[in-house]
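A.B. asks: One structure, as structure tokens, below. Some questions next.
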There are 2 protein chains.
Amino acid sequence: MATAYAAPRGPDSRAAACPGTVNGHSLCAPLHKGTNLDVNPSHPLVRPGAYRPSVPLEHRLVTRRIPQARDRGIPDATVARLPLYLRALNGLSERATLTVSSEDLAAAAGVNSAKLRKDLSHLGSYGTRGVGYDVQYLIYQISRELGLTQDWAVAIVGVGNLGRALANYGGFASRGFRIAGLLDADPAVVGDQIAGLVVEHTDALETVIADRSVSIVVIATPAAAAQHVCDRVTAVGVTSILNFAPVVLNVPDGVDVRKVDLSIELQILAFHEQRKASGGPIMAEEWPDGVEPVNERSIGASS
Amino acid sequence: MATAYAAPRGPDSRAAACPGTVNGHSLCAPLHKGTNLDVNPSHPLVRPGAYRPSVPLEHRLVTRRIPQARDRGIPDATVARLPLYLRALNGLSERATLTVSSEDLAAAAGVNSAKLRKDLSHLGSYGTRGVGYDVQYLIYQISRELGLTQDWAVAIVGVGNLGRALANYGGFASRGFRIAGLLDADPAVVGDQIAGLVVEHTDALETVIADRSVSIVVIATPAAAAQHVCDRVTAVGVTSILNFAPVVLNVPDGVDVRKVDLSIELQILAFHEQRKASGGPIMAEEWPDGVEPVNERSIGASS
DNA sequence: TAGATTGTTAATCGATTAACAATC
DNA sequence: TAGATTGTTAATCGATTAACAATC
């Protein structure tokens, strides 16, 4: 049954393989265009029509995934914005909003409405013309797309100030990220209890990853230790790393590294600030009296 | 003297305004193509030829900036990578490397060498064909471009785990970012000493910003407080904000907001992880025995 | 000079956006 | 039906990259 909708692979082959299309809209109803997810057509949650948001979504849908097919169909820029939409939708949900237009949702997420519609169109046709998007339904579809309908075990390596902040950050657990381990190389820190977990020694890194099915590792160590930690975790099969250490990690093919660099963000701000202000916050000299808006400023003390 | 090189404004007007060009290379020697910085041509540091890297760079160059002119000439994507190059160059500098090729520097920064050369060409022609780039000279040019040759006063609002981590982060001070104030609304935190600073009450926010010439504000408050803090600091003229709170800030025109969202990074990793693994880390069912690579998986407990 | 490497070109790729036909 | 709003198109814009002439 699931394979009945399987289309030949290759660029844009999905629509062509369907028995009919109108203006590019697939007529293969249960297989949402632009998705790889083959949805059970008899299920009450499947659109259009019978969706009832009163029943917990997690217990209703059976999906059959054809791996690695349309995934390339979702642009990176779109993936990076889906969490923004999800957050905006959750805000609407808390205020009991049932439907939302692309215009309003885009405003809440801080993006252009055309961009929002384009992004959502990569997931499928989940809106209703003339009405908007069902908030609960869209929350579910985006969550599923991002993999947030399952639980992800995360290990944090390096329990300094930043590691502690991450361990205590409430935004993880609410999105399906479960801190499954805190590890540090410093014996003075090992044994501390943080956010309900006992800090373990990094000697146990491989064991923790294997025993607790950790799939995402957060590196919050000093720069000098980061590559070594990275090597160890990729060696035991971890393929997703969030790196806070200010180094470029070398990883095997197939490993995703995302990097958060606090000082880089400040440097980008400084670049723009330098240009907005005609001189900057610390200006020893006044403007010269010339007609041109020229900033004469000596760098450093002498000269 | 500074205004002698001022070119008419407008797209690509700089090269056209020069007395002569060869293949797009400006013959206006002291005005490096693609920069707005009018360099003193008689200064020994000015290229080509007389550059001697043995003298501290900060004490040698006098620049005259023509505000807001070529700044639009540096693409955002390039600006975001300059800090990466700077970090890689500092690494080379520590190992006493004098020159570096675009190939090697690109490898150290984790980018394509053509991209690196393209990026650097936006700053000027600071390399030497057949040789490479002088490490010290390039460090100085990138630092100047990013505004790191001056001191920036930063205030951190919200001294929870994250605020403390930021206050203690060594990567700021080394790049010219000086923490000038730590503020929190919680009386239990006010008065604490962190990273050599005493935490002040947010009541003093406007005073601290004005008295200490704060130009960059880091918001590390809970989400609910972020917009209010943002409103207050923009009202007194702050135009650069680094926001860690998980909200979209509304700001007046001309204010730059950069956002660091820890959970968004994890969500993007989860998206890719879900696709790499054919199912994910928590897999209750086995693959069905069919010929197709179909993943049958129920979401949640029932069904 | 010969070898090496930059800075630029031009092709390609991906992202953004306004406009609007489709359609609820 | 009339009004509203989606999903798509197509134009534009910006970023990436290989290739190579320029030139040290």
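Simple scheme: letters A, B, ... for chains in structure tokens order, numbers from 1 for residues in each chain, numbers from 1 for ligands in the order shown.
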Write out as a list in words each polymer residue whose atoms come within 10 Å of A:Ala155, counting only C-alpha atoms (C1' of nucleotides); drop sequence neighbours fewer than 5 positions from it.

C.D. replies: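 My list of contacting residues is Ala167, Phe177, Arg178, Ile179, Ala180, Gly181, Leu182, Leu183, Leu205, Val208, Ile209, Arg212, Ser213, Val214, Ser215, Ile216, Val217, Val218, Ile219 and Ile241 of chain A.
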
A.B. asks: List every residue of chain C that has an atom at most 9 Å from any atom of chain A, giving for each one its closest atom pair and the distance in Å to one decimal, counting only C-alpha atoms (C1' of nucleotides), sorted by chain and then by ascending residue number, as JSON lines.

C.D. replies:
{"residue": "C:DG14", "atom": "C1'", "partner": "A:Pro75", "partner_atom": "CA", "distance": 8.4}
{"residue": "C:DA15", "atom": "C1'", "partner": "A:Ala77", "partner_atom": "CA", "distance": 7.7}
{"residue": "C:DT16", "atom": "C1'", "partner": "A:Lys115", "partner_atom": "CA", "distance": 7.1}
{"residue": "C:DT17", "atom": "C1'", "partner": "A:Ala114", "partner_atom": "CA", "distance": 6.7}
{"residue": "C:DA18", "atom": "C1'", "partner": "A:Ala114", "partner_atom": "CA", "distance": 8.4}
{"residue": "C:DA22", "atom": "C1'", "partner": "A:Arg129", "partner_atom": "CA", "distance": 8.8}
{"residue": "C:DT23", "atom": "C1'", "partner": "A:Arg129", "partner_atom": "CA", "distance": 6.2}
{"residue": "C:DC24", "atom": "C1'", "partner": "A:Arg129", "partner_atom": "CA", "distance": 4.8}

A.B. asks: Excluding B:Asn90 and any residue of its chain fewer than 5 positions from it, enumerate the residues within 9 Å of it, using only C-alpha atoms (C1' of nucleotides), and give them as a list of chain:residue names.

C.D. replies: B:Tyr85, B:Arg95, B:Val135, B:Gln136, B:Ile139

A.B. asks: Which residue out of A:Asn250, A:Gln227, A:Ser101, A:Asn243 has the minimum interatomic distance to A:Leu262 when only C-alpha atoms are used?

C.D. replies: A:Asn243

A.B. asks: DSSP on the backbone, then: every residue of stretch 28-269 of chain B marked strand (DSSP E or B), written as number ranges by chain.

C.D. replies: B: 37-39, 62-65, 99-100, 127-128, 132-134, 152-157, 177-184, 193-194, 197-198, 200-201, 216-219, 240-243, 256-259

A.B. asks: Using DSSP on the backbone, list every residue of stretch 106-220 of chain B that comes out as helix (DSSP H, G or I), and give them as a PyMOL selection string.

C.D. replies: chain B and resi 106-109+113-121+135-146+161-168+170-173+202-211

A.B. asks: Could you tell me how far atom CA of A:Gln141 sits from atom CA of A:Gly171, in Å to one decimal place?

C.D. replies: 19.6 Å
